[in-house]
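Colleague: Contents of my_file_12.csv (CSV, C-alpha atoms and all ligand atoms):
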chain,number,residue,atom,x,y,z
A,79,MET,CA,0.0,0.0,0.0
A,80,SER,CA,1.4,3.4,-0.9
A,81,ILE,CA,1.5,6.1,1.8
A,82,PRO,CA,1.6,9.7,0.5
A,83,SER,CA,4.3,12.1,1.6
A,84,ARG,CA,2.4,15.0,3.4
A,85,LEU,CA,3.4,18.3,4.7
A,86,LEU,CA,2.2,17.9,8.3
A,87,MET,CA,0.9,21.3,9.4
A,88,GLY,CA,-1.8,20.1,11.7
A,89,PRO,CA,-1.8,19.5,15.5
A,90,GLY,CA,0.6,16.6,15.3
A,91,PRO,CA,2.4,14.5,14.2
A,92,SER,CA,4.8,17.0,12.6
A,93,ASN,CA,7.2,15.9,9.9
A,94,ALA,CA,10.2,14.0,11.3
A,95,PRO,CA,13.7,14.9,9.9
A,96,PRO,CA,15.2,12.2,7.7
A,97,SER,CA,17.9,11.3,10.2
A,98,VAL,CA,15.2,10.6,12.8
A,99,LEU,CA,13.4,8.2,10.5
A,100,THR,CA,16.7,6.6,9.5
A,101,ALA,CA,17.6,6.1,13.1
A,102,MET,CA,14.5,3.8,13.4
A,103,SER,CA,16.0,1.4,10.9
A,104,ARG,CA,19.1,0.7,12.9
A,105,PRO,CA,19.5,-3.0,13.9
A,106,LEU,CA,17.5,-4.1,16.9
A,107,VAL,CA,19.3,-5.0,20.1
A,108,GLY,CA,17.9,-6.4,23.3
A,109,HIS,CA,16.3,-4.0,25.7
A,110,LEU,CA,19.0,-4.8,28.3
A,111,ASP,CA,21.9,-4.8,25.8
A,112,PRO,CA,24.7,-2.6,27.1
A,113,ALA,CA,24.5,-0.6,23.9
A,114,PHE,CA,20.8,0.1,24.6
A,115,VAL,CA,21.4,0.8,28.2
A,116,ALA,CA,24.0,3.5,27.2
A,117,LEU,CA,21.4,5.0,24.8
A,118,MET,CA,18.8,5.1,27.6
A,119,GLU,CA,21.3,7.0,29.8
A,120,ASP,CA,21.9,9.5,26.9
A,121,ILE,CA,18.2,10.0,26.4
A,122,LYS,CA,17.6,10.7,30.1
A,123,ALA,CA,20.5,13.2,30.2
A,124,MET,CA,19.2,15.0,27.1
A,125,LEU,CA,15.7,15.1,28.3
A,126,ARG,CA,16.9,16.8,31.5
A,127,GLN,CA,18.5,19.4,29.4
A,128,VAL,CA,15.4,19.9,27.3
A,129,PHE,CA,13.0,20.0,30.3
A,130,LEU,CA,15.5,22.3,32.1
A,131,THR,CA,15.4,20.2,35.2
A,132,SER,CA,17.8,18.3,37.4
A,133,ASN,CA,15.1,15.7,38.2
A,134,GLU,CA,16.7,12.2,38.4
A,135,MET,CA,13.4,10.6,37.5
A,136,THR,CA,13.3,11.9,33.9
A,137,PHE,CA,12.7,9.3,31.1
A,138,PRO,CA,10.4,8.4,28.2
A,139,VAL,CA,7.3,6.3,29.1
A,140,SER,CA,6.5,3.8,26.4
A,141,GLY,CA,3.2,5.1,25.0
A,142,THR,CA,1.9,8.4,23.5
A,143,GLY,CA,1.3,11.7,25.3
A,144,SER,CA,-1.9,10.3,26.9
A,145,ALA,CA,0.2,7.6,28.5
A,146,GLY,CA,2.4,10.3,30.1
A,147,MET,CA,-0.8,12.0,31.4
A,148,GLU,CA,-2.0,8.8,32.9
A,149,PHE,CA,1.5,8.1,34.3
A,150,CYS,CA,1.6,11.4,36.2
A,151,LEU,CA,-2.0,11.3,37.5
A,152,VAL,CA,-2.2,7.6,38.4
A,153,ASN,CA,1.1,7.8,40.4
A,154,LEU,CA,0.2,11.0,42.3
A,155,ILE,CA,-3.5,10.6,42.9
A,156,GLU,CA,-5.1,8.2,45.5
A,157,PRO,CA,-8.8,7.7,45.8
A,158,GLY,CA,-10.5,10.6,47.6
A,159,ASP,CA,-7.6,13.1,46.9
A,160,GLU,CA,-8.8,16.6,46.1
A,161,VAL,CA,-7.4,17.8,42.7
A,162,ILE,CA,-7.7,21.0,40.8
A,163,VAL,CA,-7.6,20.9,37.0
A,164,GLY,CA,-7.5,23.9,34.6
A,165,VAL,CA,-9.9,23.3,31.7
A,166,ASN,CA,-9.6,25.6,28.7
A,167,GLY,CA,-9.8,22.9,26.0
A,168,VAL,CA,-9.9,19.2,25.1
A,169,PHE,CA,-6.7,18.3,27.0
A,170,GLY,CA,-7.7,19.9,30.2
A,171,GLN,CA,-11.0,18.0,29.9
A,172,ARG,CA,-9.0,14.8,29.4
A,173,MET,CA,-6.9,15.5,32.5
A,174,ALA,CA,-10.0,16.0,34.6
A,175,GLU,CA,-11.5,12.7,33.2
A,176,VAL,CA,-8.3,10.8,34.0
A,177,ALA,CA,-8.0,12.3,37.5
A,178,SER,CA,-11.6,11.4,38.2
A,179,ARG,CA,-11.0,7.8,37.0
A,180,CYS,CA,-8.1,7.7,39.6
A,181,GLY,CA,-10.8,8.3,42.3
A,182,ALA,CA,-10.0,12.1,42.8
A,183,LYS,CA,-12.5,14.7,43.8
A,184,VAL,CA,-12.0,17.0,40.9
A,185,THR,CA,-12.5,20.8,41.0
A,186,THR,CA,-12.2,22.3,37.5
A,187,VAL,CA,-11.1,25.8,36.9
A,188,GLU,CA,-12.8,26.6,33.6
A,189,ALA,CA,-11.8,29.3,31.0
A,190,THR,CA,-13.3,30.1,27.7
A,191,TRP,CA,-11.7,28.0,24.9
A,192,GLY,CA,-8.9,30.0,23.3
A,193,SER,CA,-8.2,31.8,26.6
A,194,ILE,CA,-5.6,31.0,29.2
A,195,ILE,CA,-6.0,29.7,32.8
A,196,GLU,CA,-5.5,32.8,34.9
A,197,PRO,CA,-3.4,32.5,38.1
A,198,ASP,CA,-6.2,34.3,40.1
A,199,ALA,CA,-8.6,31.6,39.2
A,200,ILE,CA,-6.2,28.9,40.4
A,201,ALA,CA,-5.6,31.0,43.6
A,202,ALA,CA,-9.4,31.1,44.2
A,203,ALA,CA,-9.7,27.3,43.7
A,204,LEU,CA,-6.8,26.7,46.1
A,205,LYS,CA,-8.6,28.7,48.8
A,206,GLN,CA,-11.9,26.9,48.1
A,207,VAL,CA,-10.6,23.3,48.1
A,208,ALA,CA,-9.9,22.1,51.7
A,209,ARG,CA,-6.8,19.9,51.1
A,210,PRO,CA,-5.6,20.2,47.4
A,211,LYS,CA,-3.3,17.4,46.6
A,212,LEU,CA,-2.4,18.7,43.2
A,213,VAL,CA,-3.0,21.3,40.5
A,214,ALA,CA,-2.9,20.1,36.9
A,215,ILE,CA,-2.7,22.4,33.9
A,216,VAL,CA,-2.0,22.2,30.2
A,217,HIS,CA,0.8,24.5,29.2
A,218,ALA,CA,0.1,24.6,25.4
A,219,GLU,CA,-3.6,23.8,24.7
A,220,THR,CA,-3.4,22.2,21.2
A,221,SER,CA,-7.2,22.3,20.8
A,222,THR,CA,-7.3,26.1,21.0
A,223,GLY,CA,-3.8,27.5,20.5
A,224,ALA,CA,-3.4,29.2,23.9
A,225,LEU,CA,-0.3,29.2,26.0
A,226,THR,CA,-0.9,29.4,29.8
A,227,PRO,CA,2.0,31.1,31.6
A,228,VAL,CA,3.1,28.8,34.4
A,229,GLU,CA,5.4,30.8,36.7
A,230,GLU,CA,2.8,32.4,38.9
A,231,ILE,CA,0.7,29.3,39.1
A,232,GLY,CA,3.8,27.4,40.1
A,233,ARG,CA,4.4,29.8,43.1
A,234,LEU,CA,0.8,29.7,44.2
A,235,THR,CA,0.7,25.9,44.0
A,236,ARG,CA,3.9,25.5,45.9
A,237,ASP,CA,2.8,28.0,48.6
A,238,SER,CA,-0.4,25.9,49.1
A,239,GLY,CA,1.6,22.7,49.6
A,240,ALA,CA,0.0,21.0,46.5
A,241,LEU,CA,1.9,19.5,43.6
A,242,LEU,CA,2.0,21.0,40.2
A,243,VAL,CA,1.5,18.7,37.2
A,244,LEU,CA,2.1,20.2,33.7
A,245,ASP,CA,1.1,18.9,30.3
A,246,THR,CA,4.0,19.9,28.0
A,247,VAL,CA,3.0,17.7,25.0
A,248,THR,CA,2.8,20.6,22.5
A,249,SER,CA,5.1,23.1,24.3
A,250,LEU,CA,8.3,21.0,24.8
A,251,GLY,CA,10.9,21.9,22.1
A,252,GLY,CA,8.7,24.7,20.6
A,253,CYS,CA,8.8,27.4,23.4
A,254,ALA,CA,10.3,27.8,26.9
A,255,VAL,CA,9.6,25.0,29.3
A,256,ARG,CA,11.5,25.5,32.6
A,257,LEU,CA,10.4,22.8,35.0
A,258,ASP,CA,12.8,23.7,37.9
A,259,ASP,CA,12.4,27.5,37.6
A,260,TRP,CA,8.6,27.2,37.5
A,261,LEU,CA,8.4,24.8,40.4
A,262,VAL,CA,6.8,22.1,38.4
A,263,ASP,CA,6.7,18.8,40.3
A,264,ALA,CA,5.6,16.5,37.5
A,265,ALA,CA,5.4,16.9,33.7
A,266,TYR,CA,4.8,14.8,30.6
A,267,SER,CA,5.2,15.4,26.9
A,268,GLY,CA,5.0,13.6,23.6
A,269,THR,CA,7.4,12.9,20.8
A,270,GLN,CA,5.3,13.8,17.8
A,271,LYS,CA,4.9,17.5,18.2
A,272,CYS,CA,7.9,19.9,18.6
A,273,LEU,CA,10.4,17.1,19.1
A,274,SER,CA,9.6,16.0,15.5
A,275,CYS,CA,9.8,12.3,16.2
A,276,PRO,CA,7.0,9.8,15.4
A,277,PRO,CA,4.4,9.2,18.0
A,278,GLY,CA,5.1,6.5,20.5
A,279,LEU,CA,7.0,7.8,23.5
A,280,SER,CA,6.1,10.2,26.3
A,281,PRO,CA,9.0,11.9,28.0
A,282,VAL,CA,8.1,12.4,31.7
A,283,SER,CA,9.8,14.0,34.7
A,284,PHE,CA,9.1,13.6,38.4
A,285,GLY,CA,10.7,15.9,40.9
A,286,PRO,CA,11.6,15.2,44.6
A,287,ARG,CA,8.2,16.3,45.9
A,288,ALA,CA,6.4,14.1,43.5
A,289,MET,CA,8.6,11.1,44.4
A,290,GLU,CA,7.9,11.8,48.1
A,291,ALA,CA,4.2,11.7,47.4
A,292,VAL,CA,4.6,8.4,45.7
A,293,ARG,CA,6.5,7.0,48.7
A,294,ALA,CA,3.8,8.3,51.1
A,295,ARG,CA,1.0,6.5,49.2
A,296,ARG,CA,-1.5,4.5,51.3
A,297,HIS,CA,-2.7,2.5,48.3
A,298,ARG,CA,-0.8,0.7,45.6
A,299,VAL,CA,-0.7,2.5,42.2
A,300,GLN,CA,-3.8,1.2,40.3
A,301,SER,CA,-1.8,0.7,37.1
A,302,TRP,CA,1.0,-1.9,37.0
A,303,TYR,CA,2.4,-0.8,33.6
A,304,LEU,CA,2.7,2.9,34.6
A,305,ASP,CA,3.8,2.4,38.3
A,306,VAL,CA,6.8,4.8,38.6
A,307,SER,CA,8.5,2.6,41.3
A,308,LEU,CA,8.5,-0.4,39.0
A,309,LEU,CA,9.6,1.7,36.0
A,310,ALA,CA,12.4,3.2,38.1
A,311,ASN,CA,14.0,-0.2,38.5
A,312,TYR,CA,14.2,-0.4,34.7
A,313,TRP,CA,15.2,3.1,33.9
A,314,ALA,CA,17.4,4.0,36.9
A,315,GLU,CA,21.1,3.8,36.5
A,316,GLY,CA,22.8,0.7,37.8
A,317,GLN,CA,21.1,-2.8,38.1
A,318,ARG,CA,18.3,-2.8,35.5
A,319,VAL,CA,15.3,-5.1,36.2
A,320,TYR,CA,13.1,-6.2,33.3
A,321,HIS,CA,9.7,-4.5,33.5
A,322,HIS,CA,8.5,-4.3,29.9
A,323,THR,CA,10.2,-4.5,26.5
A,324,ALA,CA,11.0,-0.9,25.7
A,325,PRO,CA,10.2,0.1,22.0
A,326,ILE,CA,13.8,0.0,20.9
A,327,SER,CA,13.4,1.7,17.5
A,328,MET,CA,11.3,4.5,19.0
A,329,ASN,CA,14.1,5.2,21.5
A,330,TYR,CA,16.6,5.3,18.6
A,331,ALA,CA,14.4,8.0,17.0
A,332,LEU,CA,14.0,10.0,20.2
A,333,HIS,CA,17.7,9.9,20.8
A,334,GLU,CA,18.3,11.4,17.3
A,335,ALA,CA,15.5,14.0,17.7
A,336,LEU,CA,16.9,15.2,21.0
A,337,ARG,CA,20.4,15.3,19.6
A,338,LEU,CA,19.2,17.5,16.8
A,339,LEU,CA,17.3,19.7,19.2
A,340,LEU,CA,20.3,20.3,21.4
A,341,GLU,CA,22.6,20.8,18.4
A,342,GLU,CA,20.3,23.6,17.2
A,343,GLY,CA,20.1,25.0,20.8
A,344,LEU,CA,17.0,25.4,22.9
A,345,GLU,CA,16.8,29.2,22.7
A,346,GLN,CA,17.5,29.1,18.9
A,347,ARG,CA,14.8,26.6,18.5
A,348,TRP,CA,12.2,28.6,20.4
A,349,ALA,CA,13.2,31.7,18.4
A,350,ARG,CA,12.7,29.8,15.1
A,351,HIS,CA,9.2,28.9,16.2
A,352,GLU,CA,8.4,32.5,17.2
A,353,ARG,CA,9.8,33.9,13.9
A,354,ASN,CA,7.8,31.5,11.7
A,355,HIS,CA,4.6,32.1,13.7
A,356,ASN,CA,5.1,35.8,13.2
A,357,ALA,CA,5.6,35.2,9.5
A,358,LEU,CA,2.5,33.1,9.3
A,359,ARG,CA,0.5,35.8,11.1
A,360,ALA,CA,1.7,38.5,8.7
A,361,GLY,CA,0.7,36.3,5.7
A,362,LEU,CA,-2.7,35.5,7.2
A,363,THR,CA,-3.3,39.2,7.9
A,364,ALA,CA,-2.6,39.8,4.2
A,365,LEU,CA,-5.2,37.2,3.4
A,366,GLY,CA,-7.7,38.9,5.7
A,367,LEU,CA,-7.5,36.1,8.2
A,368,GLU,CA,-6.7,36.2,11.9
A,369,ILE,CA,-5.5,34.0,14.7
A,370,VAL,CA,-8.3,33.8,17.2
A,371,SER,CA,-6.8,32.6,20.5
A,372,GLN,CA,-6.2,35.2,23.3
A,373,ARG,CA,-3.9,37.9,22.2
A,374,GLY,CA,-0.5,37.9,23.9
A,375,HIS,CA,-0.9,34.2,24.7
A,376,GLN,CA,-0.9,32.7,21.2
A,377,LEU,CA,1.1,29.6,20.6
A,378,TRP,CA,3.9,29.8,18.1
A,379,GLN,CA,3.6,26.1,17.2
A,380,LEU,CA,-0.2,25.8,16.9
A,381,ASN,CA,-2.2,28.6,15.3
A,382,ALA,CA,-6.0,28.7,15.6
A,383,VAL,CA,-7.0,30.5,12.3
A,384,GLY,CA,-10.5,31.8,12.1
A,385,VAL,CA,-12.5,30.6,9.1
A,386,PRO,CA,-14.1,33.5,7.3
A,387,GLN,CA,-17.8,33.9,7.0
A,388,GLY,CA,-19.3,31.9,4.1
A,389,VAL,CA,-16.2,29.6,3.7
A,390,ASP,CA,-16.7,25.9,4.1
A,391,GLU,CA,-14.0,24.9,6.6
A,392,ALA,CA,-14.0,21.2,5.8
A,393,ALA,CA,-13.9,21.7,2.0
A,394,VAL,CA,-10.8,24.0,2.3
A,395,ARG,CA,-9.1,21.5,4.5
A,396,GLY,CA,-10.0,18.7,2.1
A,397,ARG,CA,-8.5,20.5,-0.9
A,398,LEU,CA,-5.3,21.3,1.0
A,399,LEU,CA,-4.9,17.6,1.7
A,400,GLN,CA,-6.0,16.2,-1.6
A,401,GLU,CA,-4.5,18.7,-4.0
A,402,PHE,CA,-1.6,20.2,-2.1
A,403,ASN,CA,-0.6,17.3,0.2
A,404,ILE,CA,-0.9,19.7,3.2
A,405,GLU,CA,-2.5,18.5,6.4
A,406,VAL,CA,-4.0,21.1,8.7
A,407,GLY,CA,-6.3,20.3,11.7
A,408,ALA,CA,-10.0,21.0,12.3
A,409,GLY,CA,-11.4,22.8,15.3
A,410,LEU,CA,-12.7,20.7,18.2
A,411,GLY,CA,-15.6,21.1,20.6
A,412,PRO,CA,-17.1,24.6,20.4
A,413,MET,CA,-14.4,25.6,17.8
A,414,LYS,CA,-15.5,22.9,15.3
A,415,GLY,CA,-16.1,24.4,11.9
A,416,LYS,CA,-14.8,27.8,13.2
A,417,ILE,CA,-11.0,27.4,13.0
A,418,TRP,CA,-8.3,25.6,11.2
A,419,ARG,CA,-5.5,24.5,13.4
A,420,VAL,CA,-2.2,25.2,11.7
A,421,GLY,CA,0.8,23.6,13.3
A,422,LEU,CA,4.4,24.9,12.9
A,423,MET,CA,6.0,22.3,15.0
A,424,GLY,CA,9.7,21.3,15.2
A,425,HIS,CA,11.1,20.3,11.8
A,426,THR,CA,7.9,21.6,10.1
A,427,SER,CA,8.4,25.1,11.4
A,428,THR,CA,10.2,26.8,8.4
A,429,LEU,CA,9.5,29.9,6.4
A,430,GLU,CA,9.3,27.8,3.3
A,431,ASN,CA,6.5,25.8,4.7
A,432,VAL,CA,4.7,28.9,5.9
A,433,CYS,CA,4.9,30.3,2.3
A,434,VAL,CA,3.7,27.0,0.7
A,435,LEU,CA,0.7,26.9,3.0
A,436,LEU,CA,-0.2,30.6,2.3
A,437,MET,CA,0.1,30.1,-1.4
A,438,ALA,CA,-2.2,27.1,-1.3
A,439,LEU,CA,-4.7,28.5,1.2
A,440,GLY,CA,-4.8,31.8,-0.6
A,441,ARG,CA,-5.5,30.1,-4.0
A,442,ILE,CA,-8.3,28.0,-2.5
A,443,LEU,CA,-9.9,31.0,-0.9
A,444,ARG,CA,-9.6,33.0,-4.1
A,445,GLU,CA,-11.2,30.2,-6.1
A,446,ALA,CA,-14.0,30.1,-3.5
A,447,GLY,CA,-14.7,33.7,-4.3
A,448,GLN,CA,-12.7,35.5,-1.7
A,449,SER,CA,-10.8,38.6,-2.9
A,450,VAL,CA,-7.3,37.6,-1.8
A,451,ASP,CA,-3.8,37.7,-3.3
A,452,GLU,CA,-1.7,34.7,-2.2
A,453,ARG,CA,1.5,36.1,-3.6
A,454,ALA,CA,1.1,39.2,-1.5
A,455,ALA,CA,0.6,37.0,1.5
A,456,ALA,CA,3.7,35.0,0.9
A,457,ALA,CA,5.6,38.3,0.4
A,458,ALA,CA,4.3,39.6,3.7
A,459,ALA,CA,5.5,36.4,5.5
A,460,LYS,CA,8.9,36.8,4.0
A,461,ALA,CA,9.1,40.4,4.9
A,462,SER,CA,8.2,39.6,8.5
A,463,ALA,CA,10.9,36.9,8.7
A,464,ALA,CA,13.5,39.2,7.1
A,465,GLY,CA,12.7,42.0,9.7
A,466,SER,CA,13.0,39.8,12.8
A,501,LIG,C1,-1.8,19.1,25.0
A,501,LIG,C2,-1.9,17.7,24.7
A,501,LIG,N1,-2.0,16.8,25.7
A,501,LIG,C3,-2.1,15.5,25.5
A,501,LIG,C4,-2.2,14.9,24.2
A,501,LIG,C5,-2.3,13.5,24.0
A,501,LIG,O1,-1.2,13.0,23.3
A,501,LIG,P1,-1.4,11.7,22.4
A,501,LIG,O2,-2.4,12.0,21.3
A,501,LIG,O3,0.0,11.6,21.8
A,501,LIG,O4,-1.7,10.5,23.3
A,501,LIG,C6,-2.1,15.8,23.1
A,501,LIG,C7,-2.3,15.3,21.7
A,501,LIG,O5,-2.6,16.0,20.8
A,501,LIG,C8,-2.0,17.2,23.4
A,501,LIG,O6,-2.0,18.1,22.3
Take the structure in the file and give it back as C-alpha cells.
Ligand SMILES: Cc1ncc(COP(=O)(O)O)c(C=O)c1O

Modeller:
Amino acid sequence: MSIPSRLLMGPGPSNAPPSVLTAMSRPLVGHLDPAFVALMEDIKAMLRQVFLTSNEMTFPVSGTGSAGMEFCLVNLIEPGDEVIVGVNGVFGQRMAEVASRCGAKVTTVEATWGSIIEPDAIAAALKQVARPKLVAIVHAETSTGALTPVEEIGRLTRDSGALLVLDTVTSLGGCAVRLDDWLVDAAYSGTQKCLSCPPGLSPVSFGPRAMEAVRARRHRVQSWYLDVSLLANYWAEGQRVYHHTAPISMNYALHEALRLLLEEGLEQRWARHERNHNALRAGLTALGLEIVSQRGHQLWQLNAVGVPQGVDEAAVRGRLLQEFNIEVGAGLGPMKGKIWRVGLMGHTSTLENVCVLLMALGRILREAGQSVDERAAAAAAKASAAGS
C-alpha cells in the first residue's frame, strides 16, 4: 500500500527529519543490551537538558502523550484526593477525566476555549478546596492555540503545599519549558509535536516532591504498567530489572531527535518557532484572516486560524490535503467548523512551509470567491521573517 508524503501542518504529528526516520531502521538489540542501556542514559540526560530540570526521574514512558498524562496522575492521585484541573480545551478536559478515574474529587477551573487559565482563578480554587493534593494544567492547549503562563501558578501551588502537574505535550521543544524554575513537580510530553519524532513515547519528569508523594501513598498504584516505582527499576542507572520490552526503535528515534534539538540550541529553536509564527500571522493578515486565540498568549507552534464567513471549513481542509498534500487540523468542541489548526512544530516550522501553505490556502480561498492575493501573503510572510 502506498502512503503519501504529506506536509504535516496540523496539530501533530509533525514531519520528522530524515535522520530521525533513518535512526529507526538501525539494527534491533535487546532491551537490556549494554548498547541500549547506554542509549537510555543518553536519552535521560538529554531530556533533563530539554525540560530544564535536574530531576533524576526523567525518562520516556512507552506510549503516546496520553500515557504520560496517565502516568503522572495515576502515580500521584489516590482515591479521595482533592485535585484542581485547569480546563480551557480538550486536553484539560481529558486530565479532569483521568483524574476522576483515579478516584480524585476533581474541581475544575474553567476558562473560555482560546483563553488561558488565569493565576487568580487557580488561587481562588486553592482557597476553596480544603486539602488540594495537586493542581494540573495544560501549558500549550493544542485544541485552541493558547499558552498558559506557568510561573505564577507554580508559586501559588507551591505555597499551598500542593503538587503542580504540567502537560507539555505541545510546548516542549517549541517554546520555553522550565520545570525547575517554574516549580513544576511532574510533567509529561509527547514525541510527535515539537520534538519531531514519530508518536510512541512520552517523556516524563518527576521531581523530589512528586517522588515523596509516591513513597507516602497509602494504596498501591492502580496501574502496574505505569507504576513509577517499577519503572524506576528499569530506567534508573545501575542494576536494571526487566519491566516491559521498551520500544527499541522509537528510542533510537527519540535519541536522534533530542540530539538535533540540542545541536540547534534550545533558545534558537524557540526563536525559530516565534519567527515562523510571526511570518504566518503576517501572511494570514494579508489574506484577511486572523489567529483567534487570546492575544498575547498565542502559541507559536499551533495557530487557531478563524474561518471567514461563508467559507466551508472542511472543504478547504480537504482541498489542502488532496490537491496540495498539506494537512491542517480542524477545530474541536465549540471551535468545530470555526477554526483551522495550523501547526508549525519542530522540523515543520520553516519559512518555506509557511509560504507553501499561504500560497495554497490563498489560492483555494480565491477560487472560493474571496478577494485575496496569495503572492502578497507569501511576500508579507517573507518580509516579516526578514525583519525579525
Ligand atoms: C496538549 C496535549 N496533551 C495530550 C495529548 C495526548 O497525546 P497523544 O495523542 O500523543 O496521546 C495531546 C495530543 O494532541 C495534546 O496536544

Colleague: Go through segment 185-244 of chain A residue by residue and, counting only C-alpha atoms, keep those with an atom at most 10 Å from segment 404-413 of chain A; for each kept residue give the shortest atom pair and its distance in Å to one decimal, ordered by chain and increasing number, as a Markdown table.

Modeller:
| residue | atom | partner | partner_atom | distance |
| --- | --- | --- | --- | --- |
| A:Thr190 | CA | A:Pro412 | CA | 9.9 |
| A:Trp191 | CA | A:Pro412 | CA | 7.8 |
| A:Gly192 | CA | A:Met413 | CA | 8.9 |
| A:Thr220 | CA | A:Leu410 | CA | 9.9 |
| A:Ser221 | CA | A:Leu410 | CA | 6.3 |
| A:Thr222 | CA | A:Gly409 | CA | 7.8 |

Colleague: Take the residues from that selection and put them in a file with C-alpha atoms, as a compact mmCIF listing (two decimals), in the coordinates of the input.

Modeller:
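Here's the written file result.txt:
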# COMPACT_ATOMS: atom_id res chain seq x y z
CA THR A 190 -13.30 30.10 27.70
CA TRP A 191 -11.70 28.00 24.90
CA GLY A 192 -8.90 30.00 23.30
CA THR A 220 -3.40 22.20 21.20
CA SER A 221 -7.20 22.30 20.80
CA THR A 222 -7.30 26.10 21.00

Colleague: Taking all atoms listed in the file into account, name the residue in A:Leu339, A:Val213, A:Val187, A:Met328 that is nearest to Leu279 of chain A.

Modeller: A:Met328

Colleague: Ranking A:Trp260, A:Tyr266, A:Trp313, A:Phe137 by minimum distance to ligand LIG 501 (chain A) and counting all atoms listed in the file, which one comes first?

Modeller: A:Tyr266

Colleague: Around ligand LIG 501 (chain A), at most 9 Å away and counting only C-alpha atoms and all ligand atoms, which residues are there? Put them as a PyMOL selection string, please.

Modeller: chain A and resi 89-91+141-147+167-170+172-173+216-221+245-249+266-271+277-280

Colleague: Please produce a file of those selected residues containing C-alpha atoms, as a short mmCIF file (atom, residue, chain, number, x, y, z; two decimals), in the frame of the given file.

Modeller:
data_model
loop_
_atom_site.label_atom_id
_atom_site.label_comp_id
_atom_site.auth_asym_id
_atom_site.auth_seq_id
_atom_site.Cartn_x
_atom_site.Cartn_y
_atom_site.Cartn_z
CA PRO A 89 -1.80 19.50 15.50
CA GLY A 90 0.60 16.60 15.30
CA PRO A 91 2.40 14.50 14.20
CA GLY A 141 3.20 5.10 25.00
CA THR A 142 1.90 8.40 23.50
CA GLY A 143 1.30 11.70 25.30
CA SER A 144 -1.90 10.30 26.90
CA ALA A 145 0.20 7.60 28.50
CA GLY A 146 2.40 10.30 30.10
CA MET A 147 -0.80 12.00 31.40
CA GLY A 167 -9.80 22.90 26.00
CA VAL A 168 -9.90 19.20 25.10
CA PHE A 169 -6.70 18.30 27.00
CA GLY A 170 -7.70 19.90 30.20
CA ARG A 172 -9.00 14.80 29.40
CA MET A 173 -6.90 15.50 32.50
CA VAL A 216 -2.00 22.20 30.20
CA HIS A 217 0.80 24.50 29.20
CA ALA A 218 0.10 24.60 25.40
CA GLU A 219 -3.60 23.80 24.70
CA THR A 220 -3.40 22.20 21.20
CA SER A 221 -7.20 22.30 20.80
CA ASP A 245 1.10 18.90 30.30
CA THR A 246 4.00 19.90 28.00
CA VAL A 247 3.00 17.70 25.00
CA THR A 248 2.80 20.60 22.50
CA SER A 249 5.10 23.10 24.30
CA TYR A 266 4.80 14.80 30.60
CA SER A 267 5.20 15.40 26.90
CA GLY A 268 5.00 13.60 23.60
CA THR A 269 7.40 12.90 20.80
CA GLN A 270 5.30 13.80 17.80
CA LYS A 271 4.90 17.50 18.20
CA PRO A 277 4.40 9.20 18.00
CA GLY A 278 5.10 6.50 20.50
CA LEU A 279 7.00 7.80 23.50
CA SER A 280 6.10 10.20 26.30
#

Colleague: Restricting the calculation to all atoms listed in the file, which member of A:Val319, A:Val115, A:Ile194, A:Met135 is positioned closest to Ile231 of chain A?

Modeller: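 Ranked by minimum distance to Ile231 of chain A, first place goes to A:Ile194.
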